$ cat structure_29.txt   # compact mmCIF, N, CA and C atoms
# COMPACT_ATOMS: atom_id res chain seq x y z
N MET V 30 -19.49 21.57 -11.04
CA MET V 30 -18.07 21.50 -10.83
C MET V 30 -17.46 20.52 -11.82
N THR V 31 -16.40 20.90 -12.47
CA THR V 31 -15.71 20.04 -13.43
C THR V 31 -14.67 19.21 -12.71
N SER V 32 -14.64 17.92 -13.02
CA SER V 32 -13.67 17.02 -12.40
C SER V 32 -12.36 17.06 -13.17
N SER V 33 -11.25 17.17 -12.47
CA SER V 33 -9.95 17.18 -13.12
C SER V 33 -9.40 15.76 -13.20
N ILE V 34 -8.41 15.57 -14.05
CA ILE V 34 -7.74 14.27 -14.15
C ILE V 34 -7.11 13.91 -12.81
N HIS V 35 -6.63 14.92 -12.07
CA HIS V 35 -6.00 14.65 -10.77
C HIS V 35 -7.00 14.13 -9.76
N ASN V 36 -8.20 14.71 -9.73
CA ASN V 36 -9.23 14.21 -8.83
C ASN V 36 -9.68 12.81 -9.25
N ALA V 37 -9.77 12.56 -10.55
CA ALA V 37 -10.13 11.22 -11.03
C ALA V 37 -9.06 10.20 -10.62
N ASN V 38 -7.80 10.58 -10.71
CA ASN V 38 -6.72 9.68 -10.31
C ASN V 38 -6.76 9.39 -8.80
N LYS V 39 -7.05 10.42 -8.01
CA LYS V 39 -7.16 10.21 -6.57
C LYS V 39 -8.33 9.28 -6.24
N GLU V 40 -9.42 9.41 -6.98
CA GLU V 40 -10.56 8.51 -6.77
C GLU V 40 -10.18 7.06 -7.07
N ARG V 41 -9.39 6.87 -8.12
CA ARG V 41 -8.92 5.53 -8.47
C ARG V 41 -8.05 4.94 -7.35
N VAL V 42 -7.18 5.75 -6.77
CA VAL V 42 -6.30 5.31 -5.69
C VAL V 42 -7.10 5.07 -4.40
N ASN V 43 -8.28 5.67 -4.29
CA ASN V 43 -9.11 5.44 -3.11
C ASN V 43 -9.49 3.97 -2.96
N ILE V 44 -9.52 3.21 -4.05
CA ILE V 44 -9.77 1.76 -3.98
C ILE V 44 -8.65 1.11 -3.17
N LEU V 45 -7.42 1.49 -3.47
CA LEU V 45 -6.26 0.97 -2.74
C LEU V 45 -6.29 1.44 -1.29
N ARG V 46 -6.57 2.69 -1.07
CA ARG V 46 -6.60 3.23 0.29
C ARG V 46 -7.66 2.54 1.13
N ALA V 47 -8.82 2.26 0.56
CA ALA V 47 -9.89 1.56 1.29
C ALA V 47 -9.48 0.13 1.62
N ALA V 48 -8.78 -0.52 0.68
CA ALA V 48 -8.33 -1.90 0.92
C ALA V 48 -7.33 -1.96 2.07
N LEU V 49 -6.51 -0.93 2.22
CA LEU V 49 -5.47 -0.92 3.25
C LEU V 49 -5.94 -0.31 4.57
N TYR V 50 -7.10 0.31 4.58
CA TYR V 50 -7.60 0.95 5.81
C TYR V 50 -7.89 -0.10 6.88
N ASP V 51 -8.64 -1.11 6.53
CA ASP V 51 -8.91 -2.27 7.39
C ASP V 51 -8.65 -3.51 6.54
N ILE V 52 -7.43 -3.98 6.55
CA ILE V 52 -7.00 -5.04 5.63
C ILE V 52 -7.69 -6.35 5.95
N GLU V 53 -8.31 -6.93 4.92
CA GLU V 53 -8.88 -8.27 4.99
C GLU V 53 -8.06 -9.14 4.05
N PRO V 54 -7.21 -10.03 4.59
CA PRO V 54 -6.28 -10.80 3.74
C PRO V 54 -6.93 -11.51 2.55
N ALA V 55 -8.10 -12.08 2.74
CA ALA V 55 -8.75 -12.82 1.65
C ALA V 55 -9.20 -11.90 0.52
N ARG V 56 -9.48 -10.65 0.83
CA ARG V 56 -9.96 -9.71 -0.18
C ARG V 56 -8.87 -8.82 -0.76
N LEU V 57 -7.67 -8.86 -0.16
CA LEU V 57 -6.63 -7.90 -0.53
C LEU V 57 -6.19 -8.03 -1.98
N LEU V 58 -5.87 -9.23 -2.45
CA LEU V 58 -5.41 -9.37 -3.84
C LEU V 58 -6.48 -8.94 -4.84
N PRO V 59 -7.73 -9.37 -4.72
CA PRO V 59 -8.74 -8.85 -5.68
C PRO V 59 -8.87 -7.34 -5.65
N GLN V 60 -8.74 -6.73 -4.47
CA GLN V 60 -8.82 -5.27 -4.39
C GLN V 60 -7.63 -4.62 -5.08
N LEU V 61 -6.42 -5.17 -4.86
CA LEU V 61 -5.23 -4.61 -5.50
C LEU V 61 -5.26 -4.82 -7.00
N ASN V 62 -5.87 -5.91 -7.47
CA ASN V 62 -6.00 -6.15 -8.91
C ASN V 62 -6.86 -5.09 -9.59
N GLU V 63 -7.72 -4.42 -8.82
CA GLU V 63 -8.53 -3.33 -9.38
C GLU V 63 -7.71 -2.08 -9.65
N VAL V 64 -6.58 -1.95 -8.98
CA VAL V 64 -5.78 -0.73 -9.06
C VAL V 64 -4.51 -0.93 -9.89
N PHE V 65 -3.84 -2.09 -9.73
CA PHE V 65 -2.57 -2.37 -10.39
C PHE V 65 -2.77 -3.28 -11.59
N ALA V 66 -2.02 -3.04 -12.66
CA ALA V 66 -1.98 -3.99 -13.79
C ALA V 66 -1.22 -5.24 -13.31
N ALA V 67 -1.61 -6.39 -13.81
CA ALA V 67 -1.01 -7.65 -13.37
C ALA V 67 0.50 -7.69 -13.63
N ASP V 68 0.95 -6.99 -14.68
CA ASP V 68 2.37 -7.03 -15.04
C ASP V 68 3.14 -5.77 -14.66
N CYS V 69 2.57 -4.95 -13.78
CA CYS V 69 3.26 -3.71 -13.40
C CYS V 69 4.44 -4.03 -12.48
N VAL V 70 5.39 -3.12 -12.43
CA VAL V 70 6.51 -3.22 -11.50
C VAL V 70 6.22 -2.25 -10.35
N ILE V 71 6.29 -2.78 -9.12
CA ILE V 71 6.02 -1.99 -7.93
C ILE V 71 7.35 -1.79 -7.21
N HIS V 72 7.74 -0.52 -7.03
CA HIS V 72 9.02 -0.19 -6.41
C HIS V 72 8.81 0.12 -4.93
N LEU V 73 9.40 -0.70 -4.07
CA LEU V 73 9.34 -0.49 -2.63
C LEU V 73 10.75 -0.36 -2.08
N ALA V 74 10.84 0.01 -0.84
CA ALA V 74 12.14 0.11 -0.17
C ALA V 74 12.60 -1.28 0.29
N SER V 75 13.84 -1.34 0.78
CA SER V 75 14.41 -2.57 1.31
C SER V 75 13.57 -3.03 2.51
N PRO V 76 13.32 -4.28 2.69
CA PRO V 76 13.89 -5.44 2.03
C PRO V 76 13.09 -5.92 0.83
N PHE V 77 12.04 -5.20 0.43
CA PHE V 77 11.15 -5.69 -0.62
C PHE V 77 11.65 -5.36 -2.03
N GLU V 78 12.17 -4.16 -2.22
CA GLU V 78 12.71 -3.70 -3.51
C GLU V 78 11.64 -3.73 -4.60
N ASP V 79 11.97 -4.24 -5.80
CA ASP V 79 11.05 -4.24 -6.94
C ASP V 79 10.24 -5.54 -6.97
N LEU V 80 8.93 -5.40 -7.09
CA LEU V 80 8.02 -6.54 -7.11
C LEU V 80 7.26 -6.55 -8.43
N ASP V 81 6.95 -7.73 -8.92
CA ASP V 81 6.23 -7.89 -10.18
C ASP V 81 4.74 -8.07 -9.93
N GLY V 82 4.01 -6.98 -9.98
CA GLY V 82 2.56 -7.01 -9.91
C GLY V 82 1.98 -7.17 -8.52
N PRO V 83 0.66 -7.06 -8.44
CA PRO V 83 -0.02 -7.11 -7.15
C PRO V 83 0.09 -8.47 -6.45
N ALA V 84 0.19 -9.55 -7.19
CA ALA V 84 0.30 -10.87 -6.56
C ALA V 84 1.59 -10.97 -5.75
N GLU V 85 2.70 -10.50 -6.31
CA GLU V 85 3.97 -10.54 -5.58
C GLU V 85 3.97 -9.53 -4.43
N LEU V 86 3.30 -8.40 -4.61
CA LEU V 86 3.17 -7.42 -3.53
C LEU V 86 2.48 -8.05 -2.33
N VAL V 87 1.40 -8.75 -2.57
CA VAL V 87 0.68 -9.40 -1.48
C VAL V 87 1.53 -10.50 -0.86
N GLU V 88 2.11 -11.36 -1.69
CA GLU V 88 2.87 -12.52 -1.20
C GLU V 88 4.12 -12.12 -0.42
N ARG V 89 4.89 -11.18 -0.95
CA ARG V 89 6.20 -10.87 -0.34
C ARG V 89 6.16 -9.74 0.67
N ALA V 90 5.18 -8.84 0.56
CA ALA V 90 5.14 -7.70 1.48
C ALA V 90 3.99 -7.79 2.47
N TYR V 91 2.76 -7.90 1.97
CA TYR V 91 1.62 -7.81 2.88
C TYR V 91 1.41 -9.06 3.72
N ILE V 92 1.54 -10.26 3.17
CA ILE V 92 1.30 -11.47 3.96
C ILE V 92 2.25 -11.54 5.16
N PRO V 93 3.59 -11.33 4.99
CA PRO V 93 4.44 -11.33 6.19
C PRO V 93 4.06 -10.24 7.20
N LEU V 94 3.67 -9.07 6.72
CA LEU V 94 3.25 -8.01 7.63
C LEU V 94 1.96 -8.37 8.37
N ILE V 95 1.01 -8.97 7.65
CA ILE V 95 -0.26 -9.37 8.27
C ILE V 95 -0.04 -10.50 9.27
N GLU V 96 0.89 -11.42 8.96
CA GLU V 96 1.20 -12.48 9.93
C GLU V 96 1.82 -11.89 11.19
N ALA V 97 2.66 -10.89 11.05
CA ALA V 97 3.30 -10.26 12.20
C ALA V 97 2.35 -9.32 12.94
N ILE V 98 1.48 -8.65 12.19
CA ILE V 98 0.57 -7.65 12.75
C ILE V 98 -0.83 -7.94 12.21
N PRO V 99 -1.55 -8.89 12.81
CA PRO V 99 -2.85 -9.32 12.25
C PRO V 99 -3.89 -8.21 12.12
N ASP V 100 -3.80 -7.19 12.94
CA ASP V 100 -4.76 -6.09 12.85
C ASP V 100 -4.19 -4.90 12.08
N LEU V 101 -3.31 -5.18 11.13
CA LEU V 101 -2.63 -4.15 10.34
C LEU V 101 -3.64 -3.22 9.66
N GLU V 102 -3.38 -1.93 9.78
CA GLU V 102 -4.22 -0.91 9.16
C GLU V 102 -3.32 0.19 8.64
N ARG V 103 -3.73 0.81 7.53
CA ARG V 103 -3.00 1.97 7.02
C ARG V 103 -3.87 3.20 7.20
N ARG V 104 -3.23 4.27 7.64
CA ARG V 104 -3.90 5.56 7.78
C ARG V 104 -3.10 6.59 7.00
N ASP V 105 -3.76 7.27 6.07
CA ASP V 105 -3.12 8.34 5.30
C ASP V 105 -3.41 9.67 5.97
N PHE V 106 -2.41 10.54 5.98
CA PHE V 106 -2.63 11.88 6.51
C PHE V 106 -2.61 12.93 5.41
N ILE V 107 -2.22 12.54 4.17
CA ILE V 107 -2.28 13.46 3.04
C ILE V 107 -2.36 12.67 1.75
N VAL V 108 -3.15 13.15 0.82
CA VAL V 108 -3.25 12.56 -0.53
C VAL V 108 -3.17 13.72 -1.52
N MET V 109 -2.19 13.63 -2.43
CA MET V 109 -1.97 14.69 -3.40
C MET V 109 -1.94 14.09 -4.80
N ALA V 110 -2.20 14.88 -5.80
CA ALA V 110 -2.08 14.45 -7.19
C ALA V 110 -1.57 15.60 -8.02
N GLY V 111 -0.88 15.26 -9.10
CA GLY V 111 -0.35 16.30 -9.97
C GLY V 111 0.23 15.72 -11.23
N HIS V 112 1.02 16.55 -11.90
CA HIS V 112 1.67 16.16 -13.15
C HIS V 112 3.12 16.59 -13.08
N SER V 113 4.01 15.71 -13.53
CA SER V 113 5.44 16.03 -13.58
C SER V 113 5.87 16.15 -15.03
N PRO V 114 6.51 17.25 -15.41
CA PRO V 114 7.02 17.41 -16.77
C PRO V 114 8.43 16.80 -16.88
N GLY V 115 8.95 16.80 -18.08
CA GLY V 115 10.34 16.38 -18.29
C GLY V 115 10.49 14.90 -18.59
N GLN V 116 11.68 14.37 -18.30
CA GLN V 116 12.01 12.99 -18.65
C GLN V 116 11.04 11.99 -18.04
N TRP V 117 10.62 12.19 -16.81
CA TRP V 117 9.72 11.26 -16.13
C TRP V 117 8.31 11.83 -16.09
N SER V 118 7.89 12.44 -17.18
CA SER V 118 6.60 13.13 -17.18
C SER V 118 5.45 12.13 -17.04
N GLY V 119 4.40 12.62 -16.44
CA GLY V 119 3.19 11.82 -16.27
C GLY V 119 2.40 12.30 -15.07
N ASP V 120 1.21 11.78 -14.96
CA ASP V 120 0.36 12.10 -13.83
C ASP V 120 0.71 11.16 -12.68
N TRP V 121 0.54 11.63 -11.46
CA TRP V 121 0.88 10.84 -10.29
C TRP V 121 -0.09 11.13 -9.15
N VAL V 122 -0.14 10.19 -8.21
CA VAL V 122 -0.85 10.37 -6.95
C VAL V 122 0.11 9.96 -5.84
N GLY V 123 0.24 10.79 -4.84
CA GLY V 123 1.10 10.47 -3.70
C GLY V 123 0.30 10.44 -2.42
N CYS V 124 0.55 9.43 -1.60
CA CYS V 124 -0.13 9.29 -0.31
C CYS V 124 0.92 9.23 0.79
N GLY V 125 0.77 10.05 1.79
CA GLY V 125 1.64 9.98 2.96
C GLY V 125 0.83 9.45 4.13
N GLY V 126 1.39 8.48 4.82
CA GLY V 126 0.66 7.90 5.93
C GLY V 126 1.50 6.90 6.69
N HIS V 127 0.85 6.07 7.46
CA HIS V 127 1.55 5.07 8.25
C HIS V 127 0.68 3.83 8.42
N TYR V 128 1.35 2.73 8.75
CA TYR V 128 0.67 1.48 9.10
C TYR V 128 0.69 1.37 10.61
N MET V 129 -0.33 0.75 11.18
CA MET V 129 -0.39 0.60 12.61
C MET V 129 -1.03 -0.73 12.97
N GLY V 130 -0.76 -1.19 14.17
CA GLY V 130 -1.31 -2.44 14.67
C GLY V 130 -0.50 -2.93 15.85
N VAL V 131 -0.78 -4.16 16.28
CA VAL V 131 -0.09 -4.76 17.41
C VAL V 131 0.65 -6.00 16.91
N PHE V 132 1.96 -6.10 17.22
CA PHE V 132 2.74 -7.27 16.84
C PHE V 132 2.18 -8.51 17.53
N ALA V 133 1.98 -9.58 16.75
CA ALA V 133 1.54 -10.86 17.30
C ALA V 133 2.65 -11.89 17.21
N ARG V 134 3.32 -11.94 16.07
CA ARG V 134 4.42 -12.89 15.88
C ARG V 134 5.31 -12.37 14.77
N MET V 135 6.53 -12.83 14.76
CA MET V 135 7.49 -12.41 13.75
C MET V 135 7.92 -13.62 12.94
N ARG V 136 8.13 -13.43 11.67
CA ARG V 136 8.64 -14.50 10.81
C ARG V 136 9.95 -14.02 10.21
N GLU V 137 9.88 -13.31 9.11
CA GLU V 137 11.08 -12.86 8.42
C GLU V 137 11.51 -11.45 8.82
N LEU V 138 10.62 -10.72 9.45
CA LEU V 138 10.96 -9.36 9.83
C LEU V 138 11.86 -9.39 11.05
N THR V 139 12.90 -8.60 11.05
CA THR V 139 13.88 -8.64 12.14
C THR V 139 13.67 -7.50 13.12
N VAL V 140 12.48 -7.48 13.71
CA VAL V 140 12.13 -6.48 14.70
C VAL V 140 11.67 -7.23 15.94
N SER V 141 12.09 -6.79 17.13
CA SER V 141 11.69 -7.49 18.34
C SER V 141 10.19 -7.36 18.57
N ARG V 142 9.60 -8.42 19.12
CA ARG V 142 8.17 -8.47 19.34
C ARG V 142 7.80 -7.55 20.50
N GLN V 143 6.66 -6.86 20.37
CA GLN V 143 6.14 -6.04 21.44
C GLN V 143 4.65 -6.26 21.55
N ALA V 144 4.11 -6.03 22.72
CA ALA V 144 2.67 -6.17 22.92
C ALA V 144 1.97 -4.83 22.82
N ASN V 145 2.71 -3.80 22.47
CA ASN V 145 2.15 -2.46 22.36
C ASN V 145 1.82 -2.12 20.92
N PRO V 146 0.83 -1.26 20.72
CA PRO V 146 0.57 -0.81 19.35
C PRO V 146 1.81 -0.15 18.74
N ILE V 147 1.98 -0.33 17.45
CA ILE V 147 3.11 0.29 16.74
C ILE V 147 2.58 1.10 15.58
N GLU V 148 3.40 2.01 15.11
CA GLU V 148 3.13 2.73 13.87
C GLU V 148 4.38 2.64 13.03
N VAL V 149 4.21 2.26 11.76
CA VAL V 149 5.33 2.10 10.84
C VAL V 149 5.17 3.10 9.72
$ encode --input "structure_29.txt" --output "structure tokens"
Amino acid sequence: MTSSIHNANKERVNILRAALYDIEPARLLPQLNEVFAADCVIHLASPFEDLDGPAELVERAYIPLIEAIPDLERRDFIVMAGHSPGQWSGDWVGCGGHYMGVFARMRELTVSRQANPIEV
């Protein structure tokens, strides 16, 4: 069987998916450094917006989430890869999924605390 560039790209993203499946805070940044360039721009939704590299992703997005939800886990329900032509041409990998866990404490996130499992 011949491997396609799309399958190779999905394999590369599997490093990220494995890191987020059972998040270990001490290992998260080294794992993300395997996938993201140090100077890449990461585009997220509000309140995070654009972040500069994996270090800022961990500091501004994941650490507050892990503090609020210590057992944070990501579960993907679909992983796709392809190529887009035109102005924004290039290869891509898309993952659809959710984060889950139990709220322990809140810091900057403005969501009421619950003792029940949540899915985000």
$ closest_residue --input "structure_29.txt" --among "V:Arg41, V:Arg104, V:His72, V:Arg56" --to "V:Cys124" --atoms "all atoms listed in the file"
V:Arg104
$ atom_distance --input "structure_29.txt" --atom1 "atom C of V:Leu73" --atom2 "atom N of V:His35"
25.2 Å
$ atom_distance --input "structure_29.txt" --atom1 "atom C of V:Ser75" --atom2 "atom CA of V:Asp120"
25.9 Å
$ residues_around --input "structure_29.txt" --residues "V:Gly125" --least-positions-apart "6" --cutoff "6.5 Å" --atoms "only N, CA and C atoms" --output "NGL selection string"
:V and (104-109)
$ residues_around --input "structure_29.txt" --residues "stretch 121-123 of chain V" --least-positions-apart "4" --cutoff "7 Å" --atoms "only C-alpha atoms" --output "PyMOL selection string"
chain V and resi 38-39+108-112
$ select_by_dssp --input "structure_29.txt" --residues "chain V" --states "strand (DSSP E or B)" --output "JSON, numbers by chain"
{"V": [70, 71, 72, 79, 80, 81, 102, 103, 104, 105, 106, 107, 108, 109, 110, 111, 112, 113, 119, 120, 121, 122, 123, 124, 125, 126, 127, 128, 129, 130, 131, 146, 147, 148]}
$ closest_residue --input "structure_29.txt" --among "V:His127, V:Val87, V:Asn43, V:Phe77" --to "V:Leu57" --atoms "only N, CA and C atoms"
V:Val87
$ atom_distance --input "structure_29.txt" --atom1 "atom CA of V:Arg103" --atom2 "atom CA of V:Val70"
21.5 Å
$ closest_residue --input "structure_29.txt" --among "V:Phe132, V:Ala37, V:Ile44, V:Arg89" --to "V:Val64" --atoms "all atoms listed in the file"
V:Ile44
$ select_by_dssp --input "structure_29.txt" --residues "chain V" --states "helix (DSSP H, G or I)" --output "number ranges by chain"
V: 34-50, 54-62, 82-97
$ write_last_selection --input "structure_29.txt" --atoms "N, CA and C atoms" --output "CSV table (one decimal), keeping the file's coordinate frame"
chain,number,residue,atom,x,y,z
V,34,ILE,N,-8.4,15.6,-14.0
V,34,ILE,CA,-7.7,14.3,-14.2
V,34,ILE,C,-7.1,13.9,-12.8
V,35,HIS,N,-6.6,14.9,-12.1
V,35,HIS,CA,-6.0,14.6,-10.8
V,35,HIS,C,-7.0,14.1,-9.8
V,36,ASN,N,-8.2,14.7,-9.7
V,36,ASN,CA,-9.2,14.2,-8.8
V,36,ASN,C,-9.7,12.8,-9.2
V,37,ALA,N,-9.8,12.6,-10.6
V,37,ALA,CA,-10.1,11.2,-11.0
V,37,ALA,C,-9.1,10.2,-10.6
V,38,ASN,N,-7.8,10.6,-10.7
V,38,ASN,CA,-6.7,9.7,-10.3
V,38,ASN,C,-6.8,9.4,-8.8
V,39,LYS,N,-7.0,10.4,-8.0
V,39,LYS,CA,-7.2,10.2,-6.6
V,39,LYS,C,-8.3,9.3,-6.2
V,40,GLU,N,-9.4,9.4,-7.0
V,40,GLU,CA,-10.6,8.5,-6.8
V,40,GLU,C,-10.2,7.1,-7.1
V,41,ARG,N,-9.4,6.9,-8.1
V,41,ARG,CA,-8.9,5.5,-8.5
V,41,ARG,C,-8.0,4.9,-7.4
V,42,VAL,N,-7.2,5.8,-6.8
V,42,VAL,CA,-6.3,5.3,-5.7
V,42,VAL,C,-7.1,5.1,-4.4
V,43,ASN,N,-8.3,5.7,-4.3
V,43,ASN,CA,-9.1,5.4,-3.1
V,43,ASN,C,-9.5,4.0,-3.0
V,44,ILE,N,-9.5,3.2,-4.0
V,44,ILE,CA,-9.8,1.8,-4.0
V,44,ILE,C,-8.6,1.1,-3.2
V,45,LEU,N,-7.4,1.5,-3.5
V,45,LEU,CA,-6.3,1.0,-2.7
V,45,LEU,C,-6.3,1.4,-1.3
V,46,ARG,N,-6.6,2.7,-1.1
V,46,ARG,CA,-6.6,3.2,0.3
V,46,ARG,C,-7.7,2.5,1.1
V,47,ALA,N,-8.8,2.3,0.6
V,47,ALA,CA,-9.9,1.6,1.3
V,47,ALA,C,-9.5,0.1,1.6
V,48,ALA,N,-8.8,-0.5,0.7
V,48,ALA,CA,-8.3,-1.9,0.9
V,48,ALA,C,-7.3,-2.0,2.1
V,49,LEU,N,-6.5,-0.9,2.2
V,49,LEU,CA,-5.5,-0.9,3.2
V,49,LEU,C,-5.9,-0.3,4.6
V,50,TYR,N,-7.1,0.3,4.6
V,50,TYR,CA,-7.6,1.0,5.8
V,50,TYR,C,-7.9,-0.1,6.9
V,54,PRO,N,-7.2,-10.0,4.6
V,54,PRO,CA,-6.3,-10.8,3.7
V,54,PRO,C,-6.9,-11.5,2.6
V,55,ALA,N,-8.1,-12.1,2.7
V,55,ALA,CA,-8.8,-12.8,1.6
V,55,ALA,C,-9.2,-11.9,0.5
V,56,ARG,N,-9.5,-10.6,0.8
V,56,ARG,CA,-10.0,-9.7,-0.2
V,56,ARG,C,-8.9,-8.8,-0.8
V,57,LEU,N,-7.7,-8.9,-0.2
V,57,LEU,CA,-6.6,-7.9,-0.5
V,57,LEU,C,-6.2,-8.0,-2.0
V,58,LEU,N,-5.9,-9.2,-2.4
V,58,LEU,CA,-5.4,-9.4,-3.8
V,58,LEU,C,-6.5,-8.9,-4.8
V,59,PRO,N,-7.7,-9.4,-4.7
V,59,PRO,CA,-8.7,-8.8,-5.7
V,59,PRO,C,-8.9,-7.3,-5.6
V,60,GLN,N,-8.7,-6.7,-4.5
V,60,GLN,CA,-8.8,-5.3,-4.4
V,60,GLN,C,-7.6,-4.6,-5.1
V,61,LEU,N,-6.4,-5.2,-4.9
V,61,LEU,CA,-5.2,-4.6,-5.5
V,61,LEU,C,-5.3,-4.8,-7.0
V,62,ASN,N,-5.9,-5.9,-7.5
V,62,ASN,CA,-6.0,-6.2,-8.9
V,62,ASN,C,-6.9,-5.1,-9.6
V,82,GLY,N,4.0,-7.0,-10.0
V,82,GLY,CA,2.6,-7.0,-9.9
V,82,GLY,C,2.0,-7.2,-8.5
V,83,PRO,N,0.7,-7.1,-8.4
V,83,PRO,CA,0.0,-7.1,-7.2
V,83,PRO,C,0.1,-8.5,-6.4
V,84,ALA,N,0.2,-9.6,-7.2
V,84,ALA,CA,0.3,-10.9,-6.6
V,84,ALA,C,1.6,-11.0,-5.8
V,85,GLU,N,2.7,-10.5,-6.3
V,85,GLU,CA,4.0,-10.5,-5.6
V,85,GLU,C,4.0,-9.5,-4.4
V,86,LEU,N,3.3,-8.4,-4.6
V,86,LEU,CA,3.2,-7.4,-3.5
V,86,LEU,C,2.5,-8.0,-2.3
V,87,VAL,N,1.4,-8.8,-2.6
V,87,VAL,CA,0.7,-9.4,-1.5
V,87,VAL,C,1.5,-10.5,-0.9
V,88,GLU,N,2.1,-11.4,-1.7
V,88,GLU,CA,2.9,-12.5,-1.2
V,88,GLU,C,4.1,-12.1,-0.4
V,89,ARG,N,4.9,-11.2,-1.0
V,89,ARG,CA,6.2,-10.9,-0.3
V,89,ARG,C,6.2,-9.7,0.7
V,90,ALA,N,5.2,-8.8,0.6
V,90,ALA,CA,5.1,-7.7,1.5
V,90,ALA,C,4.0,-7.8,2.5
V,91,TYR,N,2.8,-7.9,2.0
V,91,TYR,CA,1.6,-7.8,2.9
V,91,TYR,C,1.4,-9.1,3.7
V,92,ILE,N,1.5,-10.3,3.2
V,92,ILE,CA,1.3,-11.5,4.0
V,92,ILE,C,2.2,-11.5,5.2
V,93,PRO,N,3.6,-11.3,5.0
V,93,PRO,CA,4.4,-11.3,6.2
V,93,PRO,C,4.1,-10.2,7.2
V,94,LEU,N,3.7,-9.1,6.7
V,94,LEU,CA,3.2,-8.0,7.6
V,94,LEU,C,2.0,-8.4,8.4
V,95,ILE,N,1.0,-9.0,7.6
V,95,ILE,CA,-0.3,-9.4,8.3
V,95,ILE,C,0.0,-10.5,9.3
V,96,GLU,N,0.9,-11.4,9.0
V,96,GLU,CA,1.2,-12.5,9.9
V,96,GLU,C,1.8,-11.9,11.2
V,97,ALA,N,2.7,-10.9,11.0
V,97,ALA,CA,3.3,-10.3,12.2
V,97,ALA,C,2.4,-9.3,12.9
$ axis_aligned_box --input "structure_29.txt" --around "stretch 50-67 of chain V" --padding-each-side "3 Å" --output "JSON"
{"center_x": -4.7, "center_y": -5.9, "center_z": -3.2, "size_x": 16.5, "size_y": 19.8, "size_z": 27.2}
$ closest_residue --input "structure_29.txt" --among "V:Pro83, V:Gly130, V:Pro54, V:Pro99" --to "V:Ala67" --atoms "all atoms listed in the file"
V:Pro83
$ residues_near_point --input "structure_29.txt" --point "(-7.6, -9.3, 11.0)" --cutoff "7 Å" --atoms "only C-alpha atoms" --output "list in words"
Ile52, Glu53, Pro99 and Asp100 of chain V
